[in-house]
file target_3.cif (mmCIF, C-alpha atoms and all ligand atoms)
data_data
loop_
_atom_site.label_atom_id
_atom_site.label_comp_id
_atom_site.auth_asym_id
_atom_site.auth_seq_id
_atom_site.Cartn_x
_atom_site.Cartn_y
_atom_site.Cartn_z
CA MET R 1 69.29 81.73 -54.50
CA LEU R 2 70.20 84.71 -52.35
CA LYS R 3 70.51 86.80 -55.52
CA TYR R 4 66.83 86.23 -56.34
CA PHE R 5 65.90 87.01 -52.80
CA PHE R 6 67.63 90.39 -52.94
CA THR R 7 66.11 91.19 -56.33
CA VAL R 8 62.60 90.39 -55.17
CA PHE R 9 63.21 92.16 -51.88
CA ALA R 10 64.42 95.33 -53.62
CA PHE R 11 61.52 95.16 -56.06
CA LEU R 12 58.95 94.80 -53.29
CA GLY R 13 60.66 97.59 -51.36
CA LEU R 14 60.30 99.85 -54.41
CA ILE R 15 56.62 99.03 -54.79
CA VAL R 16 55.88 99.74 -51.13
CA LEU R 17 57.90 102.95 -51.31
CA ALA R 18 56.15 104.03 -54.50
CA MET R 19 52.70 103.43 -53.13
CA ALA R 20 53.05 104.36 -49.50
CA GLY R 21 56.26 106.33 -49.22
CA PHE R 22 55.10 109.73 -50.38
CA ARG R 23 52.07 110.17 -48.30
CA GLY R 24 53.44 113.35 -46.69
CA ALA R 25 54.60 114.87 -49.98
CA LYS R 26 52.56 117.70 -51.49
CA SER R 27 50.87 116.99 -54.76
CA THR R 28 47.82 118.23 -56.58
CA ARG R 29 46.86 114.69 -57.54
CA PRO R 30 44.81 112.56 -55.18
CA PRO R 31 47.06 110.20 -53.17
CA ILE R 32 47.13 106.48 -53.83
CA GLU R 33 45.40 104.80 -50.99
CA ILE R 34 46.05 101.16 -50.27
CA PHE R 35 43.61 101.03 -47.38
CA PRO R 36 41.17 103.91 -47.74
CA ASP R 37 39.37 102.74 -44.60
CA MET R 38 36.63 105.26 -44.01
CA ASP R 39 38.52 108.35 -45.17
CA ARG R 40 35.69 109.45 -47.39
CA GLN R 41 32.08 108.83 -46.45
CA PRO R 42 28.92 109.82 -48.26
CA LYS R 43 27.69 111.88 -45.33
CA VAL R 44 26.87 115.46 -44.61
CA LYS R 45 28.32 117.48 -41.80
CA ALA R 46 26.27 119.69 -39.52
CA GLN R 47 25.50 123.16 -40.86
CA THR R 48 27.05 122.57 -44.29
CA PRO R 49 25.47 123.24 -47.66
CA SER R 50 24.51 120.34 -49.88
CA GLY R 51 23.57 120.29 -53.52
CA PHE R 52 21.70 117.05 -52.98
CA PHE R 53 18.58 118.62 -51.48
CA ALA R 54 16.41 121.13 -53.28
CA ASN R 55 16.78 123.82 -50.61
CA GLY R 56 20.60 123.56 -50.66
CA SER R 57 20.87 122.78 -46.94
CA ALA R 58 22.37 119.55 -45.62
CA ALA R 59 20.35 119.74 -42.40
CA ARG R 60 16.99 118.02 -42.58
CA PRO R 61 14.05 118.57 -40.26
CA PRO R 62 13.14 115.43 -38.25
CA VAL R 63 10.58 113.15 -39.86
CA ASP R 64 7.01 114.01 -38.84
CA GLY R 65 6.09 112.25 -35.63
CA SER R 66 9.69 111.86 -34.37
CA VAL R 67 9.98 111.96 -30.59
CA PRO R 68 13.16 112.86 -28.76
CA LEU R 69 14.38 110.15 -26.38
CA GLY R 70 13.94 110.91 -22.73
CA TYR R 71 10.79 112.97 -23.10
CA THR R 72 7.20 112.00 -22.55
CA MET R 73 5.75 110.75 -25.78
CA PRO R 74 2.76 112.64 -27.10
CA GLN R 75 -0.46 110.92 -26.32
CA GLN R 76 -2.86 109.59 -28.86
CA LYS R 77 -5.84 111.89 -29.24
CA PRO R 78 -9.03 110.37 -27.87
CA VAL R 79 -11.52 109.51 -30.57
CA ASP R 80 -14.24 112.16 -30.75
CA GLY R 81 -16.97 111.57 -28.23
CA GLU R 82 -15.10 108.71 -26.52
CA ALA R 83 -14.09 109.16 -22.91
CA ASP R 84 -10.33 108.81 -22.50
CA ALA R 85 -10.52 106.44 -19.56
CA SER R 86 -8.25 103.66 -20.76
CA PRO R 87 -4.55 103.91 -19.90
CA TYR R 88 -3.94 102.32 -23.29
CA LYS R 89 -5.01 105.47 -25.04
CA LYS R 90 -1.49 106.61 -24.31
CA ILE R 91 1.42 105.30 -26.30
CA ILE R 92 4.21 105.70 -23.86
CA PHE R 93 7.76 104.61 -23.37
CA SER R 94 8.41 107.70 -21.38
CA GLY R 95 11.41 108.64 -19.27
CA ALA R 96 9.50 111.25 -17.26
CA PRO R 97 10.56 111.60 -13.61
CA ASP R 98 7.12 110.97 -12.04
CA TYR R 99 5.93 107.92 -10.10
CA THR R 100 4.16 106.39 -13.11
CA ASP R 101 7.41 106.34 -15.06
CA THR R 102 9.95 105.53 -12.35
CA GLY R 103 8.13 103.72 -9.55
CA LYS R 104 9.65 106.25 -7.17
CA MET R 105 7.89 108.65 -4.84
CA GLY R 106 10.61 111.09 -3.93
CA GLU R 107 13.64 109.08 -2.82
CA ASN R 108 11.73 105.88 -2.08
CA TRP R 109 9.93 103.20 -4.05
CA GLY R 110 6.23 103.88 -4.05
CA THR R 111 3.49 101.33 -4.12
CA GLY R 112 0.07 101.13 -5.75
CA LEU R 113 -0.89 101.26 -9.40
CA PRO R 114 -1.11 104.75 -10.92
CA PHE R 115 -4.47 103.87 -12.49
CA ASP R 116 -7.51 101.84 -11.49
CA VAL R 117 -7.08 98.08 -11.54
CA THR R 118 -9.97 96.77 -13.57
CA PRO R 119 -10.48 93.24 -14.89
CA ALA R 120 -9.38 94.58 -18.29
CA VAL R 121 -6.07 95.77 -16.81
CA VAL R 122 -5.40 92.44 -15.09
CA GLY R 123 -6.34 90.64 -18.31
CA ARG R 124 -3.90 92.77 -20.26
CA GLY R 125 -1.28 92.08 -17.59
CA GLN R 126 -1.89 88.35 -17.88
CA GLU R 127 -1.41 88.51 -21.64
CA ARG R 128 1.79 90.59 -21.39
CA TYR R 129 3.10 88.43 -18.55
CA GLY R 130 2.58 85.39 -20.76
CA ILE R 131 4.54 87.04 -23.55
CA TYR R 132 7.42 88.60 -21.62
CA CYS R 133 7.84 86.96 -18.22
CA ALA R 134 6.46 83.42 -18.23
CA VAL R 135 9.35 82.08 -20.29
CA CYS R 136 11.57 82.53 -17.23
CA HIS R 137 9.33 83.03 -14.21
CA GLY R 138 6.81 80.38 -15.24
CA ALA R 139 3.09 80.72 -15.96
CA THR R 140 2.29 80.71 -12.24
CA GLY R 141 5.24 82.87 -11.19
CA ALA R 142 6.92 79.96 -9.42
CA GLY R 143 10.20 80.65 -11.21
CA ASN R 144 10.11 77.43 -13.22
CA GLY R 145 9.73 78.71 -16.79
CA ILE R 146 11.28 76.90 -19.73
CA ALA R 147 14.36 79.17 -19.69
CA LYS R 148 15.01 78.18 -16.09
CA GLN R 149 14.75 74.52 -17.04
CA LEU R 150 17.17 75.08 -19.91
CA GLY R 151 19.81 76.70 -17.76
CA VAL R 152 18.99 80.28 -16.68
CA ALA R 153 19.68 79.11 -13.17
CA THR R 154 19.23 82.36 -11.27
CA VAL R 155 15.54 82.92 -12.14
CA GLN R 156 13.61 83.74 -9.00
CA SER R 157 10.17 82.70 -7.89
CA LEU R 158 7.82 85.68 -7.85
CA LEU R 159 5.80 83.95 -5.14
CA GLN R 160 8.51 84.20 -2.49
CA GLU R 161 7.80 86.35 0.56
CA ARG R 162 10.47 88.92 -0.38
CA ILE R 163 8.70 89.75 -3.64
CA ARG R 164 5.23 89.53 -2.12
CA VAL R 165 6.16 92.40 0.21
CA MET R 166 8.26 94.27 -2.36
CA SER R 167 6.75 97.61 -3.36
CA ASP R 168 5.13 97.91 -6.78
CA GLY R 169 7.55 100.70 -7.65
CA GLU R 170 10.58 98.47 -7.14
CA ILE R 171 9.08 95.74 -9.33
CA PHE R 172 8.29 98.42 -11.91
CA ASN R 173 11.94 99.39 -11.84
CA THR R 174 13.03 95.76 -12.23
CA ILE R 175 10.81 95.39 -15.30
CA THR R 176 12.13 98.67 -16.73
CA HIS R 177 15.85 98.32 -16.03
CA GLY R 178 16.31 94.68 -15.05
CA LYS R 179 18.07 93.48 -11.92
CA ASN R 180 21.36 91.62 -11.56
CA THR R 181 21.11 88.80 -14.09
CA MET R 182 17.68 89.84 -15.42
CA LEU R 183 17.63 92.12 -18.45
CA GLY R 184 15.43 95.21 -18.53
CA TYR R 185 12.27 95.21 -20.60
CA GLY R 186 11.72 98.98 -20.58
CA ASP R 187 12.37 99.26 -24.29
CA ARG R 188 9.76 96.65 -25.15
CA ILE R 189 6.97 96.96 -22.63
CA GLN R 190 5.01 100.20 -22.54
CA VAL R 191 4.61 101.95 -19.20
CA PRO R 192 0.90 101.06 -18.63
CA ASP R 193 1.67 97.45 -19.58
CA ARG R 194 4.43 97.27 -16.95
CA TRP R 195 1.90 98.29 -14.31
CA ALA R 196 -0.67 95.86 -15.72
CA ILE R 197 1.92 93.07 -15.42
CA ILE R 198 2.49 94.03 -11.78
CA ALA R 199 -1.26 93.83 -11.17
CA TYR R 200 -1.21 90.33 -12.65
CA VAL R 201 1.86 89.29 -10.62
CA ARG R 202 -0.03 90.42 -7.49
CA ALA R 203 -2.99 88.31 -8.61
CA LEU R 204 -0.69 85.32 -9.06
CA GLN R 205 0.72 85.84 -5.58
CA LYS R 206 -2.75 86.03 -4.10
CA SER R 207 -3.94 83.01 -6.00
CA GLN R 208 -1.18 80.95 -4.48
CA GLY R 209 -1.24 81.17 -0.76
CA GLY R 210 -1.49 84.91 -0.39
CA ALA R 211 -5.25 85.51 -0.34
CA THR R 212 -7.41 86.01 2.71
CA LEU R 213 -11.17 86.03 3.03
CA SER R 214 -11.15 89.83 2.88
CA ASP R 215 -9.92 89.63 -0.73
CA VAL R 216 -13.19 88.01 -1.74
CA PRO R 217 -16.08 90.39 -2.48
CA GLU R 218 -18.54 90.26 0.41
CA ALA R 219 -21.25 88.64 -1.63
CA GLY R 220 -19.05 85.61 -2.28
CA ARG R 221 -17.73 85.12 1.26
CA ALA R 222 -20.69 83.21 2.64
CA LYS R 223 -20.39 80.79 -0.26
CA LEU R 224 -16.69 80.24 0.44
CA GLU R 225 -17.24 79.77 4.14
CA ALA R 226 -19.88 77.22 3.37
CA GLY R 227 -17.13 75.38 1.52
CA GLN R 228 -18.65 75.63 -1.94
C1 LIG R 301 15.18 85.83 -19.52
C2 LIG R 301 14.62 85.46 -18.26
C3 LIG R 301 13.73 86.44 -17.55
C4 LIG R 301 12.61 87.08 -18.01
C5 LIG R 301 12.00 86.97 -19.39
C6 LIG R 301 12.10 87.85 -16.92
N1 LIG R 301 12.89 87.71 -15.82
FE1 LIG R 301 12.56 88.48 -13.98
N2 LIG R 301 14.25 87.63 -13.31
C7 LIG R 301 15.09 86.83 -14.06
C8 LIG R 301 16.24 86.46 -13.25
C9 LIG R 301 17.38 85.59 -13.72
C10 LIG R 301 16.06 87.08 -12.00
C11 LIG R 301 16.98 87.05 -10.80
C12 LIG R 301 17.91 88.22 -10.91
C13 LIG R 301 19.04 88.12 -9.93
O1 LIG R 301 18.82 88.45 -8.77
O2 LIG R 301 20.12 87.71 -10.37
C14 LIG R 301 14.79 87.79 -12.07
C15 LIG R 301 14.27 88.51 -11.02
C16 LIG R 301 13.03 89.13 -11.04
C17 LIG R 301 12.44 89.82 -9.92
C18 LIG R 301 13.05 89.95 -8.54
C19 LIG R 301 13.98 91.13 -8.54
C20 LIG R 301 14.62 91.34 -7.20
O3 LIG R 301 14.56 92.47 -6.73
O4 LIG R 301 15.21 90.39 -6.68
C21 LIG R 301 11.24 90.29 -10.35
C22 LIG R 301 10.24 91.07 -9.53
C23 LIG R 301 11.09 89.90 -11.73
N3 LIG R 301 12.20 89.20 -12.12
C24 LIG R 301 10.00 90.20 -12.50
C25 LIG R 301 9.92 89.94 -13.86
C26 LIG R 301 8.82 90.35 -14.70
C27 LIG R 301 7.59 91.08 -14.20
C28 LIG R 301 9.10 89.93 -15.95
C29 LIG R 301 8.32 90.18 -17.23
C30 LIG R 301 8.23 91.53 -17.63
C31 LIG R 301 10.38 89.24 -15.91
N4 LIG R 301 10.84 89.27 -14.63
C32 LIG R 301 10.98 88.65 -17.01
C33 LIG R 301 14.91 86.42 -15.34
C34 LIG R 301 13.89 86.85 -16.17
#
call {"tool": "encode", "arguments": {"input": "target_3.cif", "output": "structure tokens"}}
result
Amino acid sequence: MLKYFFTVFAFLGLIVLAMAGFRGAKSTRPPIEIFPDMDRQPKVKAQTPSGFFANGSAARPPVDGSVPLGYTMPQQKPVDGEADASPYKKIIFSGAPDYTDTGKMGENWGTGLPFDVTPAVVGRGQERYGIYCAVCHGATGAGNGIAKQLGVATVQSLLQERIRVMSDGEIFNTITHGKNTMLGYGDRIQVPDRWAIIAYVRALQKSQGGATLSDVPEAGRAKLEAGQ
């Protein structure tokens, strides 16, 4: 029994030695590789020539329309004759350091939307809120979305006093980068949409216990006071 063991052992030893033992030895033949891993990759290195492309250079210019990360994206050109009033004329996921892109005025969170709040903006915010936020924070902002019911226990109500008085800039930052157990949505929600969502969150807060008579346009106040 032991005899076979030694024979097989010696044989295996020879195989391993033959295949792996001479890796440091010089030879003009390519080495035998048992695990080539990623030794050779079909890639080009920076600043090297390449016969693959017609101009002989491995470096390629970026595809038309590429935008470097961290810079303001170019804005869509307004259609001829059309006033460029809508914030949605811009396609932006920008990382620019201004208030619109950070929510910060100097060192502090700023407040106020960087563009006019029109019914269209609030409508857009409502739509985006429904897509991105309602699943956790609930359709009314009460923090009772389906994800909360299914176990995301830390979801907060957006109607609580702390968030009612929180500056718009800080909420903008929460949407962009997330906060504690909430993930950031900055890579999915464009900058103007983040602000539109904030406008809608403010509307939700007002609609539930936060509105005063002064929020109602003057023409409608008399009607309200008359209890209609
Ligand atoms: C996947 C679930 C989820 C989604 C979707 C979500 N949130 Fe949150 N959000 C949370 C959780 C969880 C917290 C509490 C974070 C913590 O303090 O741990 C939170 C907290 C917040 C806060 C309070 C942050 C603070 O300073 O305490 C705000 C404001 C907020 N979310 C706004 C939004 C908005 C606006 C959206 C949509 C763009 C959104 N959230 C989408 C889960 C979510």
call {"tool": "closest_atom_pairs", "arguments": {"input": "target_3.cif", "of": "chain R", "to": "ligand LIG 301 (chain R)", "cutoff": "10 Å", "atoms": "all atoms listed in the file", "output": "CSV"}}
result
residue,atom,partner,partner_atom,distance
R:Gly125,CA,R:LIG301,C30,9.5
R:Arg128,CA,R:LIG301,C30,7.5
R:Tyr129,CA,R:LIG301,C29,5.7
R:Gly130,CA,R:LIG301,C29,8.3
R:Ile131,CA,R:LIG301,C29,8.0
R:Tyr132,CA,R:LIG301,C29,4.8
R:Cys133,CA,R:LIG301,C29,3.4
R:Ala134,CA,R:LIG301,C5,6.7
R:Val135,CA,R:LIG301,C5,5.6
R:Cys136,CA,R:LIG301,C2,4.4
R:His137,CA,R:LIG301,N1,6.1
R:Gly138,CA,R:LIG301,C4,9.3
R:Gly141,CA,R:LIG301,C24,8.8
R:Gly143,CA,R:LIG301,N2,8.3
R:Gly145,CA,R:LIG301,C2,8.5
R:Ile146,CA,R:LIG301,C2,9.3
R:Ala147,CA,R:LIG301,C2,6.5
R:Lys148,CA,R:LIG301,C2,7.6
R:Val152,CA,R:LIG301,C9,6.3
R:Ala153,CA,R:LIG301,C9,6.9
R:Thr154,CA,R:LIG301,C9,4.5
R:Val155,CA,R:LIG301,C9,3.6
R:Gln156,CA,R:LIG301,C11,5.1
R:Ser157,CA,R:LIG301,C16,7.7
R:Leu158,CA,R:LIG301,C22,6.1
R:Leu159,CA,R:LIG301,C22,9.5
R:Gln160,CA,R:LIG301,C18,9.5
R:Arg162,CA,R:LIG301,O4,8.0
R:Ile163,CA,R:LIG301,C22,6.2
R:Arg164,CA,R:LIG301,C22,9.1
R:Met166,CA,R:LIG301,O3,7.9
R:Ser167,CA,R:LIG301,C22,9.6
R:Asp168,CA,R:LIG301,C22,9.0
R:Glu170,CA,R:LIG301,O3,7.2
R:Ile171,CA,R:LIG301,C22,4.8
R:Phe172,CA,R:LIG301,C27,7.7
R:Asn173,CA,R:LIG301,C22,8.8
R:Thr174,CA,R:LIG301,C19,6.0
R:Ile175,CA,R:LIG301,C30,5.2
R:Thr176,CA,R:LIG301,C30,8.2
R:Gly178,CA,R:LIG301,FE1,7.3
R:Lys179,CA,R:LIG301,C12,5.4
R:Asn180,CA,R:LIG301,O2,4.3
R:Thr181,CA,R:LIG301,O2,4.0
R:Met182,CA,R:LIG301,C7,4.2
R:Leu183,CA,R:LIG301,C1,6.8
R:Gly184,CA,R:LIG301,C32,8.1
R:Tyr185,CA,R:LIG301,C30,6.2
R:Gly186,CA,R:LIG301,C30,8.7
R:Arg188,CA,R:LIG301,C30,9.2
R:Ile189,CA,R:LIG301,C30,7.5
R:Asp193,CA,R:LIG301,C30,9.0
R:Arg194,CA,R:LIG301,C30,6.9
R:Trp195,CA,R:LIG301,C27,9.2
R:Ala196,CA,R:LIG301,C27,9.7
R:Ile197,CA,R:LIG301,C27,6.1
R:Ile198,CA,R:LIG301,C27,6.4
R:Ala199,CA,R:LIG301,C27,9.8
R:Tyr200,CA,R:LIG301,C27,9.0
R:Val201,CA,R:LIG301,C27,7.0
call {"tool": "residues_around", "arguments": {"input": "target_3.cif", "residues": "Ala18 in chain R", "least_positions_apart": "6", "cutoff": "12 Å", "atoms": "all atoms listed in the file", "output": "PyMOL selection string"}}
result
chain R and resi 11-12+25+31-34
call {"tool": "closest_residue", "arguments": {"input": "target_3.cif", "among": "R:Val165, R:Leu17, R:Val191, R:Ala58", "to": "Lys206 in chain R", "atoms": "only C-alpha atoms"}}
result
R:Val165
call {"tool": "atom_distance", "arguments": {"input": "target_3.cif", "atom1": "CA of Asp37 in chain R", "atom2": "CA of Gly21 in chain R"}}
result
17.9 Å
call {"tool": "atom_distance", "arguments": {"input": "target_3.cif", "atom1": "CA of Lys43 in chain R", "atom2": "CA of Ala59 in chain R"}}
result
11.1 Å
call {"tool": "atom_distance", "arguments": {"input": "target_3.cif", "atom1": "CA of Pro119 in chain R", "atom2": "CA of Asp215 in chain R"}}
result
14.6 Å
call {"tool": "residues_around", "arguments": {"input": "target_3.cif", "residues": "Val44 in chain R", "least_positions_apart": "4", "cutoff": "12 Å", "atoms": "all atoms listed in the file", "output": "number ranges by chain"}}
result
R: 40, 48-53, 56-60
call {"tool": "residues_around", "arguments": {"input": "target_3.cif", "residues": "Leu224 in chain R", "least_positions_apart": "3", "cutoff": "12 Å", "atoms": "all atoms listed in the file", "output": "PyMOL selection string"}}
result
chain R and resi 212-221+227-228
